[in-house]
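The file work-v1.txt comes next; it holds compact mmCIF, C-alpha atoms.
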```txt
# COMPACT_ATOMS: atom_id res chain seq x y z
CA MET A 283 71.60 -5.12 25.65
CA THR A 284 74.87 -4.10 27.28
CA LEU A 285 77.40 -2.31 25.13
CA THR A 286 81.05 -2.46 26.07
CA THR A 287 83.45 0.45 25.93
CA HIS A 288 86.03 -1.27 23.75
CA SER A 289 87.50 0.90 21.02
CA PRO A 290 85.61 0.30 17.74
CA LYS A 291 88.86 0.60 15.76
CA LEU A 292 90.51 -2.04 17.92
CA ALA A 293 87.53 -4.33 17.54
CA LEU A 294 87.51 -3.93 13.78
CA ARG A 295 91.24 -4.78 13.54
CA ARG A 296 90.59 -7.94 15.51
CA ILE A 297 87.90 -9.05 13.07
CA ALA A 298 90.47 -9.35 10.37
CA ALA A 299 92.97 -10.94 12.71
CA ALA A 300 90.86 -13.66 14.30
CA ALA A 301 87.25 -14.74 14.72
CA THR A 302 87.93 -15.36 18.40
CA ALA A 303 87.49 -11.61 18.95
CA ALA A 304 83.80 -11.92 18.11
CA ALA A 305 82.46 -10.41 21.29
CA MET A 306 84.66 -7.36 20.99
CA LEU A 307 83.89 -7.15 17.30
CA ALA A 308 80.17 -7.07 17.82
CA ALA A 309 80.41 -4.29 20.36
CA GLY A 310 82.83 -2.34 18.19
CA LEU A 311 80.72 -2.67 15.09
CA ALA A 312 77.46 -1.75 16.75
CA ALA A 313 79.01 1.34 18.29
CA CYS A 314 80.05 3.95 15.81
CA SER A 315 82.37 6.28 17.61
CA ASN A 316 84.80 5.81 14.71
CA SER A 317 82.26 7.24 12.28
CA PRO A 318 82.08 10.94 11.53
CA GLU A 319 79.71 12.53 14.00
CA PRO A 320 78.10 15.83 13.09
CA LYS A 321 78.87 18.60 15.52
CA PRO A 322 75.79 20.35 16.83
CA GLU A 323 75.25 23.88 15.60
CA ASP A 324 75.53 26.69 18.10
CA ALA A 325 71.94 27.66 17.40
CA SER A 326 69.27 25.87 15.43
CA SER A 327 67.82 27.63 12.39
CA ILE A 328 64.58 25.65 12.72
CA VAL A 329 61.59 27.86 13.46
CA ARG A 330 58.58 26.76 15.48
CA ASP A 331 55.38 26.44 13.47
CA ASP A 332 52.58 27.65 15.74
CA ALA A 333 49.80 26.10 13.66
CA LEU A 334 51.40 22.67 13.76
CA ALA A 335 52.28 23.04 17.45
CA ALA A 336 48.61 23.73 18.20
CA LEU A 337 47.75 20.25 16.87
CA LEU A 338 49.71 18.54 19.65
CA PRO A 339 47.71 16.93 22.48
CA ALA A 340 47.34 19.22 25.48
CA ASP A 341 49.50 17.05 27.73
CA ILE A 342 52.43 17.26 25.31
CA GLN A 343 52.01 21.02 24.94
CA ASP A 344 51.86 21.46 28.72
CA ALA A 345 54.93 19.27 29.33
CA GLY A 346 56.89 20.88 26.52
CA THR A 347 58.39 17.49 25.74
CA LEU A 348 57.84 14.66 23.30
CA ARG A 349 58.51 11.22 24.78
CA VAL A 350 60.36 9.32 22.06
CA ALA A 351 61.20 5.62 22.06
CA THR A 352 64.30 4.81 20.03
CA SER A 353 67.50 2.76 20.26
CA ASP A 354 71.27 3.08 19.96
CA ASP A 355 72.42 -0.01 18.07
CA TYR A 356 71.33 0.36 14.44
CA PRO A 357 73.92 2.68 12.90
CA PRO A 358 73.88 5.04 11.13
CA LEU A 359 70.18 5.47 11.90
CA GLU A 360 70.74 5.38 15.66
CA MET A 361 73.89 4.76 17.65
CA LEU A 362 75.99 5.82 20.63
CA ALA A 363 78.26 8.83 20.47
CA GLU A 364 81.90 8.71 21.63
CA ASP A 365 80.82 9.15 25.24
CA ASN A 366 79.00 5.78 25.04
CA LYS A 367 75.97 7.50 26.55
CA THR A 368 74.48 9.98 24.11
CA ILE A 369 72.13 8.60 21.46
CA THR A 370 72.93 10.04 18.07
CA GLY A 371 72.34 9.21 14.40
CA ALA A 372 70.00 10.21 11.60
CA GLU A 373 66.78 9.24 13.38
CA PRO A 374 67.47 11.01 16.71
CA GLU A 375 68.56 14.12 14.81
CA LEU A 376 65.47 14.02 12.61
CA ILE A 377 63.05 13.53 15.50
CA THR A 378 64.78 16.32 17.45
CA ALA A 379 64.25 18.64 14.47
CA ILE A 380 60.59 17.62 14.27
CA GLY A 381 60.27 18.51 17.95
CA GLU A 382 61.77 21.93 17.30
CA VAL A 383 59.22 22.62 14.56
CA LEU A 384 56.50 21.67 17.05
CA GLY A 385 58.05 23.75 19.84
CA VAL A 386 58.79 20.81 22.15
CA LYS A 387 61.93 18.97 23.25
CA ALA A 388 62.37 15.38 22.10
CA GLU A 389 63.29 13.17 25.08
CA LEU A 390 64.91 10.00 23.76
CA THR A 391 64.62 6.68 25.60
CA LYS A 392 66.26 3.44 24.52
CA VAL A 393 63.66 0.70 24.01
CA ALA A 394 63.91 -2.84 22.62
CA PHE A 395 62.66 -3.03 19.05
CA ASP A 396 59.98 -5.62 19.78
CA SER A 397 58.61 -3.42 22.59
CA LEU A 398 58.00 -0.33 20.46
CA ILE A 399 54.40 -0.96 19.49
CA SER A 400 53.33 -2.08 22.97
CA GLY A 401 55.08 0.97 24.44
CA ILE A 402 53.07 3.27 22.20
CA GLN A 403 49.85 1.43 22.91
CA ALA A 404 50.43 1.60 26.66
CA ASP A 405 51.12 5.36 26.49
CA ARG A 406 54.64 4.95 27.82
CA PHE A 407 55.79 7.03 24.86
CA ASP A 408 54.19 9.63 22.62
CA ILE A 409 55.96 8.46 19.45
CA ALA A 410 58.72 6.06 18.43
CA ILE A 411 61.37 5.99 15.72
CA GLN A 412 63.62 2.96 15.31
CA ALA A 413 63.97 1.75 11.72
CA MET A 414 60.56 0.09 11.76
CA LEU A 415 58.98 -0.83 8.43
CA ASP A 416 55.55 0.60 7.80
CA THR A 417 53.47 -2.47 6.90
CA ALA A 418 49.74 -3.10 6.52
CA GLU A 419 49.86 -5.53 9.45
CA ARG A 420 51.46 -3.01 11.80
CA GLN A 421 49.04 -0.30 10.67
CA GLU A 422 46.34 -2.25 12.50
CA GLN A 423 48.15 -1.42 15.75
CA VAL A 424 49.72 2.02 15.21
CA THR A 425 49.79 4.85 12.69
CA PHE A 426 52.97 5.56 10.71
CA VAL A 427 54.39 8.81 9.38
CA ASP A 428 56.82 7.67 6.70
CA TYR A 429 60.23 9.33 6.53
CA PHE A 430 62.64 7.05 4.61
CA ASN A 431 62.69 4.34 1.93
CA THR A 432 64.73 1.24 2.69
CA SER A 433 65.31 -2.35 1.67
CA THR A 434 66.78 -5.59 3.05
CA THR A 435 70.32 -6.82 2.36
CA MET A 436 72.56 -9.69 3.53
CA LEU A 437 75.82 -9.31 5.43
CA VAL A 438 78.33 -12.20 5.19
CA LYS A 439 81.98 -12.87 5.87
CA SER A 440 84.14 -11.73 2.98
CA GLU A 441 85.25 -15.30 2.25
CA ASN A 442 81.60 -16.24 1.72
CA ALA A 443 80.69 -13.33 -0.54
CA LYS A 444 80.91 -15.36 -3.76
CA LYS A 445 79.19 -18.38 -2.25
CA PHE A 446 76.17 -16.59 -0.82
CA THR A 447 75.35 -14.15 -3.58
CA GLU A 448 71.58 -14.24 -3.12
CA LEU A 449 69.14 -15.30 -0.42
CA ASP A 450 68.20 -18.51 -2.22
CA ALA A 451 71.82 -19.65 -1.95
CA LEU A 452 71.30 -20.04 1.80
CA CYS A 453 69.00 -23.08 1.68
CA GLY A 454 70.22 -25.45 4.38
CA GLN A 455 72.22 -22.69 6.08
CA ALA A 456 71.60 -20.51 9.16
CA ILE A 457 70.56 -16.85 8.96
CA ALA A 458 70.60 -14.24 11.74
CA VAL A 459 67.69 -11.80 12.05
CA GLU A 460 66.72 -9.34 14.75
CA SER A 461 63.55 -10.28 16.63
CA GLY A 462 60.44 -8.39 15.65
CA THR A 463 61.80 -7.07 12.34
CA GLY A 464 60.44 -7.59 8.85
CA GLN A 465 63.51 -9.67 8.07
CA VAL A 466 62.09 -12.48 10.24
CA ASP A 467 59.25 -12.92 7.76
CA ILE A 468 61.52 -12.59 4.72
CA ALA A 469 63.81 -15.34 6.01
CA ALA A 470 60.87 -17.60 6.89
CA GLU A 471 59.34 -17.16 3.44
CA GLN A 472 62.64 -17.98 1.77
CA SER A 473 63.01 -21.05 3.96
CA GLN A 474 59.60 -22.27 2.78
CA THR A 475 60.61 -21.60 -0.80
CA CYS A 476 63.69 -23.76 -0.27
CA VAL A 477 61.54 -26.59 1.07
CA ASP A 478 59.01 -26.27 -1.75
CA SER A 479 61.82 -26.62 -4.28
CA GLY A 480 63.13 -29.78 -2.63
CA GLU A 481 66.04 -28.18 -0.78
CA ALA A 482 66.80 -28.02 2.93
CA ALA A 483 65.08 -25.36 5.03
CA ILE A 484 66.92 -22.29 6.27
CA SER A 485 67.60 -22.21 10.00
CA VAL A 486 66.31 -18.76 10.99
CA LEU A 487 67.92 -17.66 14.27
CA GLU A 488 66.38 -14.65 15.98
CA PHE A 489 68.56 -12.42 18.16
CA PRO A 490 67.57 -9.50 20.41
CA ASP A 491 69.78 -6.90 18.75
CA THR A 492 72.23 -6.09 15.98
CA VAL A 493 75.27 -6.86 18.13
CA ALA A 494 74.19 -10.47 18.61
CA CYS A 495 73.40 -10.84 14.91
CA LEU A 496 76.87 -9.60 13.96
CA GLN A 497 78.55 -11.84 16.50
CA SER A 498 76.74 -14.89 15.12
CA VAL A 499 78.10 -14.23 11.63
CA VAL A 500 81.64 -13.57 12.80
CA THR A 501 81.76 -16.75 14.89
CA GLY A 502 80.25 -18.83 12.11
CA ARG A 503 77.08 -19.70 13.99
CA THR A 504 75.17 -18.19 11.08
CA GLN A 505 76.26 -17.60 7.51
CA ALA A 506 74.46 -14.30 7.00
CA PHE A 507 72.80 -11.43 8.84
CA LEU A 508 69.64 -10.27 7.10
CA GLY A 509 68.99 -6.65 7.97
CA GLY A 510 68.06 -3.18 6.77
CA THR A 511 70.28 -2.00 3.92
CA PRO A 512 71.49 1.20 5.67
CA THR A 513 72.93 -0.60 8.71
CA ILE A 514 74.23 -3.55 6.67
CA ALA A 515 76.13 -1.14 4.42
CA PHE A 516 77.44 0.71 7.47
CA GLN A 517 78.69 -2.44 9.18
CA ALA A 518 80.37 -3.69 6.00
CA ASP A 519 82.10 -0.35 5.53
CA LYS A 520 83.41 -0.33 9.11
CA SER A 521 84.71 -3.91 9.09
CA ASP A 522 87.95 -3.32 7.18
CA GLY A 523 86.85 -5.82 4.55
CA ALA A 524 86.02 -8.62 6.99
CA LEU A 525 82.29 -8.38 6.27
CA VAL A 526 80.56 -7.78 2.94
CA ALA A 527 77.07 -6.70 1.91
CA THR A 528 75.92 -9.12 -0.75
CA GLY A 529 72.91 -9.97 -2.88
CA THR A 530 70.29 -7.78 -4.47
CA PRO A 531 68.49 -5.43 -2.06
CA MET A 532 64.93 -6.68 -1.60
CA ASN A 533 61.59 -5.76 -0.05
CA LEU A 534 61.60 -2.00 -0.66
CA LYS A 535 59.41 -0.36 2.00
CA PRO A 536 59.27 2.88 4.01
CA TYR A 537 60.40 3.34 7.57
CA GLY A 538 57.79 5.11 9.66
CA ILE A 539 57.52 7.10 12.87
CA LEU A 540 55.09 5.29 15.18
CA ILE A 541 52.07 7.27 16.42
CA PRO A 542 49.18 6.01 18.60
CA LYS A 543 46.62 4.60 16.20
CA ASP A 544 43.70 6.91 17.04
CA ASP A 545 45.69 10.09 17.61
CA ASP A 546 45.00 11.76 14.26
CA LYS A 547 46.03 15.23 15.42
CA LEU A 548 49.44 14.06 16.63
CA ALA A 549 49.99 12.21 13.36
CA GLU A 550 49.03 15.35 11.44
CA ALA A 551 51.41 17.46 13.53
CA VAL A 552 54.35 15.08 13.03
CA GLN A 553 53.58 14.72 9.33
CA GLY A 554 53.39 18.48 8.90
CA ALA A 555 56.62 19.08 10.80
CA LEU A 556 58.45 16.43 8.79
CA GLN A 557 57.13 17.86 5.51
CA LYS A 558 58.34 21.30 6.53
CA LEU A 559 61.83 19.88 7.14
CA MET A 560 61.71 18.19 3.74
CA ASP A 561 60.65 21.39 2.02
CA ASP A 562 63.28 23.63 3.63
CA GLY A 563 66.19 21.21 3.04
CA THR A 564 66.85 20.29 6.68
CA TYR A 565 65.72 16.69 6.10
CA ASP A 566 68.16 16.15 3.22
CA GLU A 567 70.97 17.77 5.18
CA ILE A 568 70.45 15.32 8.04
CA LEU A 569 70.42 12.30 5.73
CA ALA A 570 73.53 13.54 3.91
CA LYS A 571 75.48 13.72 7.19
CA TYR A 572 75.02 9.99 7.58
CA GLY A 573 75.32 8.94 3.93
CA LEU A 574 71.64 8.08 3.64
CA GLN A 575 70.66 10.20 0.64
CA ASP A 576 69.56 7.17 -1.38
CA GLY A 577 66.62 6.62 0.95
CA SER A 578 65.39 10.20 0.78
CA ILE A 579 61.70 10.81 0.03
CA SER A 580 60.00 14.08 -0.90
CA GLU A 581 56.60 13.58 0.74
CA ALA A 582 55.80 12.67 4.33
CA THR A 583 52.96 10.20 3.94
CA ILE A 584 50.75 8.58 6.56
CA ASN A 585 50.54 4.76 6.39
CA GLY A 586 52.17 4.63 2.97
CA GLY A 587 53.49 1.09 3.47
CA LYS A 588 51.66 -1.80 1.81
```
Translate the structure described by the file into structure tokens.
Amino acid sequence: MTLTTHSPKLALRRIAAAATAAAMLAAGLAACSNSPEPKPEDASSIVRDDALAALLPADIQDAGTLRVATSDDYPPLEMLAEDNKTITGAEPELITAIGEVLGVKAELTKVAFDSLISGIQADRFDIAIQAMLDTAERQEQVTFVDYFNTSTTMLVKSENAKKFTELDALCGQAIAVESGTGQVDIAAEQSQTCVDSGEAAISVLEFPDTVACLQSVVTGRTQAFLGGTPTIAFQADKSDGALVATGTPMNLKPYGILIPKDDDKLAEAVQGALQKLMDDGTYDEILAKYGLQDGSISEATINGGK
């Protein structure tokens, strides 16, 4: 995905003015340089835990770095800072803090969502964090350390908010989903439900990233974007009323940090570090900076998704 450097505020004004600004809109919405960005502290108060650090594989300890796959287009979980280069957001900040507990530096690399699992399996990365639902099916390929509870919500144009109040109102319509996400399955299941009830199927259009999903809604190619509640709420809030989150949040599941399936010690280290951040309040502070308190959990579980 290529992000432009258009001003997000300009792009958002053009949403309300005309749908012809869709390309600029999508780039402006996906970027979040108009959102409050926490300023880094002069010195971190996070203390290395030697016992947890000792659980790390030898190659990670020797390198002093944790290779992390993430992204920059799912705000406020991950996004670009004002310099259009630095990856910021709740997830990068959380994984950086986990690295500090373990005494290593988190090196963030942008990776396509549908390449996360294969990247972990091929040892291109040590761990990954990118708003991925912990599900029983994915647990067959990787291990998850759960860090956040989330759900799925629809994003529609404001003029369609009363028409498309729930997912079942979209029978015969087109829905945008990001490839590889749990929303693909949700949309497909609803489409089958429509057919079973004698209505037209939903046209489920998969796009490579959030920007393309947003653009499809703005241009009218799709009537709704089905995505994770945190980013749907963020995009609605930043659209100056042009886009609205609608319907009842569905499919409550945890997001998880991806760990190689057989690396029990690494999973234990990440789980322990995350739990320490939960216990000392750092975890809640990070979520609060990005307005994500509603998804807070108190226990870092392994493979808690069903």
From the options A:Pro490, A:Pro531, A:Gly509, A:Pro374, which residue's atoms come nearest to Ile457 in chain A, counting only C-alpha atoms?
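Looking at the shortest contact to Ile457 in chain A, the residue is A:Gly509.
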Considering only C-alpha atoms, return as a list in words whatever protein or nucleic-acid residues lie within 12 Å of Thr530 in chain A, sequence-local ones (same chain, fewer than 3 positions apart) excluded.
Ser433, Thr434, Thr435, Met436, Leu437, Phe446, Thr447, Glu448, Leu449, Asp450, Leu508, Thr511, Ala527, Asn533 and Leu534 of chain A
Minimum-distance residue to Glu581 in chain A, chosen among A:Asp561, A:Asp405, A:Asp354, A:Asp467 (using only C-alpha atoms):
A:Asp561
What's the separation between CA of Ile411 in chain A and CA of Gln465 in chain A, in Å to one decimal place?
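Computing the Euclidean distance for CA of Ile411 in chain A and CA of Gln465 in chain A yields 17.6 Å.
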Nearest to Ala388 in chain A among A:Arg349, A:Arg420, A:Lys571, A:Arg406, with distances taken over only C-alpha atoms: which residue is it?
A:Arg349
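Counting only C-alpha atoms and comparing A:Met532, A:Leu334, A:Ala483, A:Leu540, the residue that lies closest to Thr352 in chain A is A:Leu540.
If you measure from each of A:Val499, A:Ala413, A:Ala494, A:Val424 to Gln455 in chain A using all atoms listed in the file, the closest one turns out to be A:Val499.
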What is the CA of Ala451 in chain A-CA of Val526 in chain A distance in Å, reported with one decimal?
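Interatomic distance, CA of Ala451 in chain A to CA of Val526 in chain A: 15.5 Å.
In this comparison, which uses only C-alpha atoms, the residue of A:Thr492, A:Thr391, A:Thr583, A:Asn431 approaching Glu550 in chain A most closely is A:Thr583.
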In Å, with one decimal, what is the gap from CA of Val466 in chain A to CA of Tyr537 in chain A?
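Straight-line distance from CA of Val466 in chain A to CA of Tyr537 in chain A works out to 16.1 Å.
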Neighbour list for Asp332 in chain A as number ranges by chain, cut-off 9 Å, all atoms listed in the file, skip fewer than 6 positions in-chain:
A: 383-385
Identify the residues around (60.4, 13.0, 6.2) within a radius of 10 Å, measuring from all atoms listed in the file in the coordinates stated by the file, and give them as a ChimeraX atom specification.
/A:376-377,380,427-431,537-539,552-561,564-566,578-583
What are the centre and edge lengths in Å, to one decimal, of the axis-aligned box around all listed atoms of range 334-353 of chain A with 8 Å added on each side, as JSON?
```
{"center_x": 57.4, "center_y": 13.2, "center_z": 21.5, "size_x": 36.2, "size_y": 37.0, "size_z": 31.6}
```
Applying 10 Å and only C-alpha atoms, which residues near Ala482 in chain A remain after dropping the ones on its own chain fewer than 6 positions away? List them as number ranges by chain.
A: 452-455, 473-476
Export C-alpha atoms of the chosen residues as an mmCIF file, in the coordinates of the input?
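As written to disk, out39.cif reads:
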```cif
data_model
loop_
_atom_site.group_PDB
_atom_site.id
_atom_site.type_symbol
_atom_site.label_atom_id
_atom_site.label_comp_id
_atom_site.auth_asym_id
_atom_site.auth_seq_id
_atom_site.Cartn_x
_atom_site.Cartn_y
_atom_site.Cartn_z
ATOM 1 C CA LEU A 452 71.300 -20.040 1.800
ATOM 2 C CA CYS A 453 69.000 -23.080 1.680
ATOM 3 C CA GLY A 454 70.220 -25.450 4.380
ATOM 4 C CA GLN A 455 72.220 -22.690 6.080
ATOM 5 C CA SER A 473 63.010 -21.050 3.960
ATOM 6 C CA GLN A 474 59.600 -22.270 2.780
ATOM 7 C CA THR A 475 60.610 -21.600 -0.800
ATOM 8 C CA CYS A 476 63.690 -23.760 -0.270
#
```
Just want the 10 Å neighbourhood of Ala518 in chain A, counted on only C-alpha atoms, with same-chain residues fewer than 6 positions away dropped. Output as a PyMOL selection string.
chain A and resi 311+437-440+524-528
Output the selection as a PDB file, in the coordinates of the input - C-alpha atoms for each residue.
```pdb
ATOM      1  CA  LEU A 311      80.720  -2.670  15.090  1.00  0.00           C
ATOM      2  CA  LEU A 437      75.820  -9.310   5.430  1.00  0.00           C
ATOM      3  CA  VAL A 438      78.330 -12.200   5.190  1.00  0.00           C
ATOM      4  CA  LYS A 439      81.980 -12.870   5.870  1.00  0.00           C
ATOM      5  CA  SER A 440      84.140 -11.730   2.980  1.00  0.00           C
ATOM      6  CA  ALA A 524      86.020  -8.620   6.990  1.00  0.00           C
ATOM      7  CA  LEU A 525      82.290  -8.380   6.270  1.00  0.00           C
ATOM      8  CA  VAL A 526      80.560  -7.780   2.940  1.00  0.00           C
ATOM      9  CA  ALA A 527      77.070  -6.700   1.910  1.00  0.00           C
ATOM     10  CA  THR A 528      75.920  -9.120  -0.750  1.00  0.00           C
TER      11      THR A 528
END
```
Some atoms are absent from range 471-481 of chain A, so rebuild all heavy atoms and return them as a compact mmCIF listing (two decimals), in the frame of the given file.
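The new file part.txt reads:
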```txt
# COMPACT_ATOMS: atom_id res chain seq x y z
N GLU A 471 59.91 -16.92 4.77
CA GLU A 471 59.34 -17.16 3.44
C GLU A 471 60.36 -17.82 2.52
O GLU A 471 60.01 -18.73 1.75
CB GLU A 471 58.88 -15.83 2.84
CG GLU A 471 57.65 -15.26 3.52
CD GLU A 471 57.33 -13.85 3.07
OE1 GLU A 471 58.01 -13.36 2.14
OE2 GLU A 471 56.41 -13.22 3.65
N GLN A 472 61.61 -17.36 2.60
CA GLN A 472 62.64 -17.98 1.77
C GLN A 472 62.89 -19.42 2.19
O GLN A 472 63.11 -20.29 1.34
CB GLN A 472 63.94 -17.18 1.86
CG GLN A 472 65.08 -17.76 1.02
CD GLN A 472 64.74 -17.86 -0.45
OE1 GLN A 472 64.29 -16.88 -1.05
NE2 GLN A 472 64.94 -19.02 -1.05
N SER A 473 62.83 -19.68 3.48
CA SER A 473 63.01 -21.05 3.96
C SER A 473 61.94 -21.96 3.38
O SER A 473 62.22 -23.09 2.94
CB SER A 473 62.95 -21.09 5.49
OG SER A 473 63.12 -22.41 5.96
N GLN A 474 60.69 -21.47 3.35
CA GLN A 474 59.60 -22.27 2.78
C GLN A 474 59.80 -22.48 1.29
O GLN A 474 59.51 -23.57 0.76
CB GLN A 474 58.26 -21.59 3.04
CG GLN A 474 57.06 -22.42 2.62
CD GLN A 474 57.00 -23.75 3.34
OE1 GLN A 474 57.07 -23.80 4.57
NE2 GLN A 474 56.89 -24.86 2.59
N THR A 475 60.32 -21.47 0.62
CA THR A 475 60.61 -21.60 -0.80
C THR A 475 61.67 -22.68 -1.04
O THR A 475 61.57 -23.47 -1.99
CB THR A 475 61.10 -20.26 -1.38
OG1 THR A 475 60.07 -19.28 -1.23
CG2 THR A 475 61.47 -20.38 -2.85
N CYS A 476 62.66 -22.72 -0.17
CA CYS A 476 63.69 -23.76 -0.27
C CYS A 476 63.06 -25.15 -0.15
O CYS A 476 63.33 -26.05 -0.95
CB CYS A 476 64.73 -23.58 0.83
SG CYS A 476 65.79 -22.13 0.67
N VAL A 477 62.20 -25.30 0.85
CA VAL A 477 61.54 -26.59 1.07
C VAL A 477 60.67 -26.97 -0.12
O VAL A 477 60.67 -28.12 -0.58
CB VAL A 477 60.71 -26.55 2.37
CG1 VAL A 477 59.89 -27.82 2.52
CG2 VAL A 477 61.62 -26.36 3.58
N ASP A 478 59.91 -26.01 -0.63
CA ASP A 478 59.01 -26.27 -1.75
C ASP A 478 59.77 -26.70 -3.01
O ASP A 478 59.21 -27.42 -3.86
CB ASP A 478 58.17 -25.03 -2.06
CG ASP A 478 57.17 -24.71 -0.96
OD1 ASP A 478 56.92 -25.59 -0.12
OD2 ASP A 478 56.66 -23.57 -0.94
N SER A 479 61.02 -26.26 -3.11
CA SER A 479 61.82 -26.62 -4.28
C SER A 479 62.67 -27.87 -4.05
O SER A 479 63.53 -28.21 -4.87
CB SER A 479 62.73 -25.45 -4.68
OG SER A 479 63.63 -25.14 -3.63
N GLY A 480 62.43 -28.54 -2.91
CA GLY A 480 63.13 -29.78 -2.63
C GLY A 480 64.47 -29.63 -1.94
O GLY A 480 65.22 -30.60 -1.80
N GLU A 481 64.78 -28.42 -1.47
CA GLU A 481 66.04 -28.18 -0.78
C GLU A 481 65.80 -28.10 0.73
O GLU A 481 64.66 -28.04 1.20
CB GLU A 481 66.70 -26.91 -1.30
CG GLU A 481 67.03 -26.96 -2.79
CD GLU A 481 67.81 -25.74 -3.23
OE1 GLU A 481 68.98 -25.60 -2.79
OE2 GLU A 481 67.27 -24.93 -4.00
```
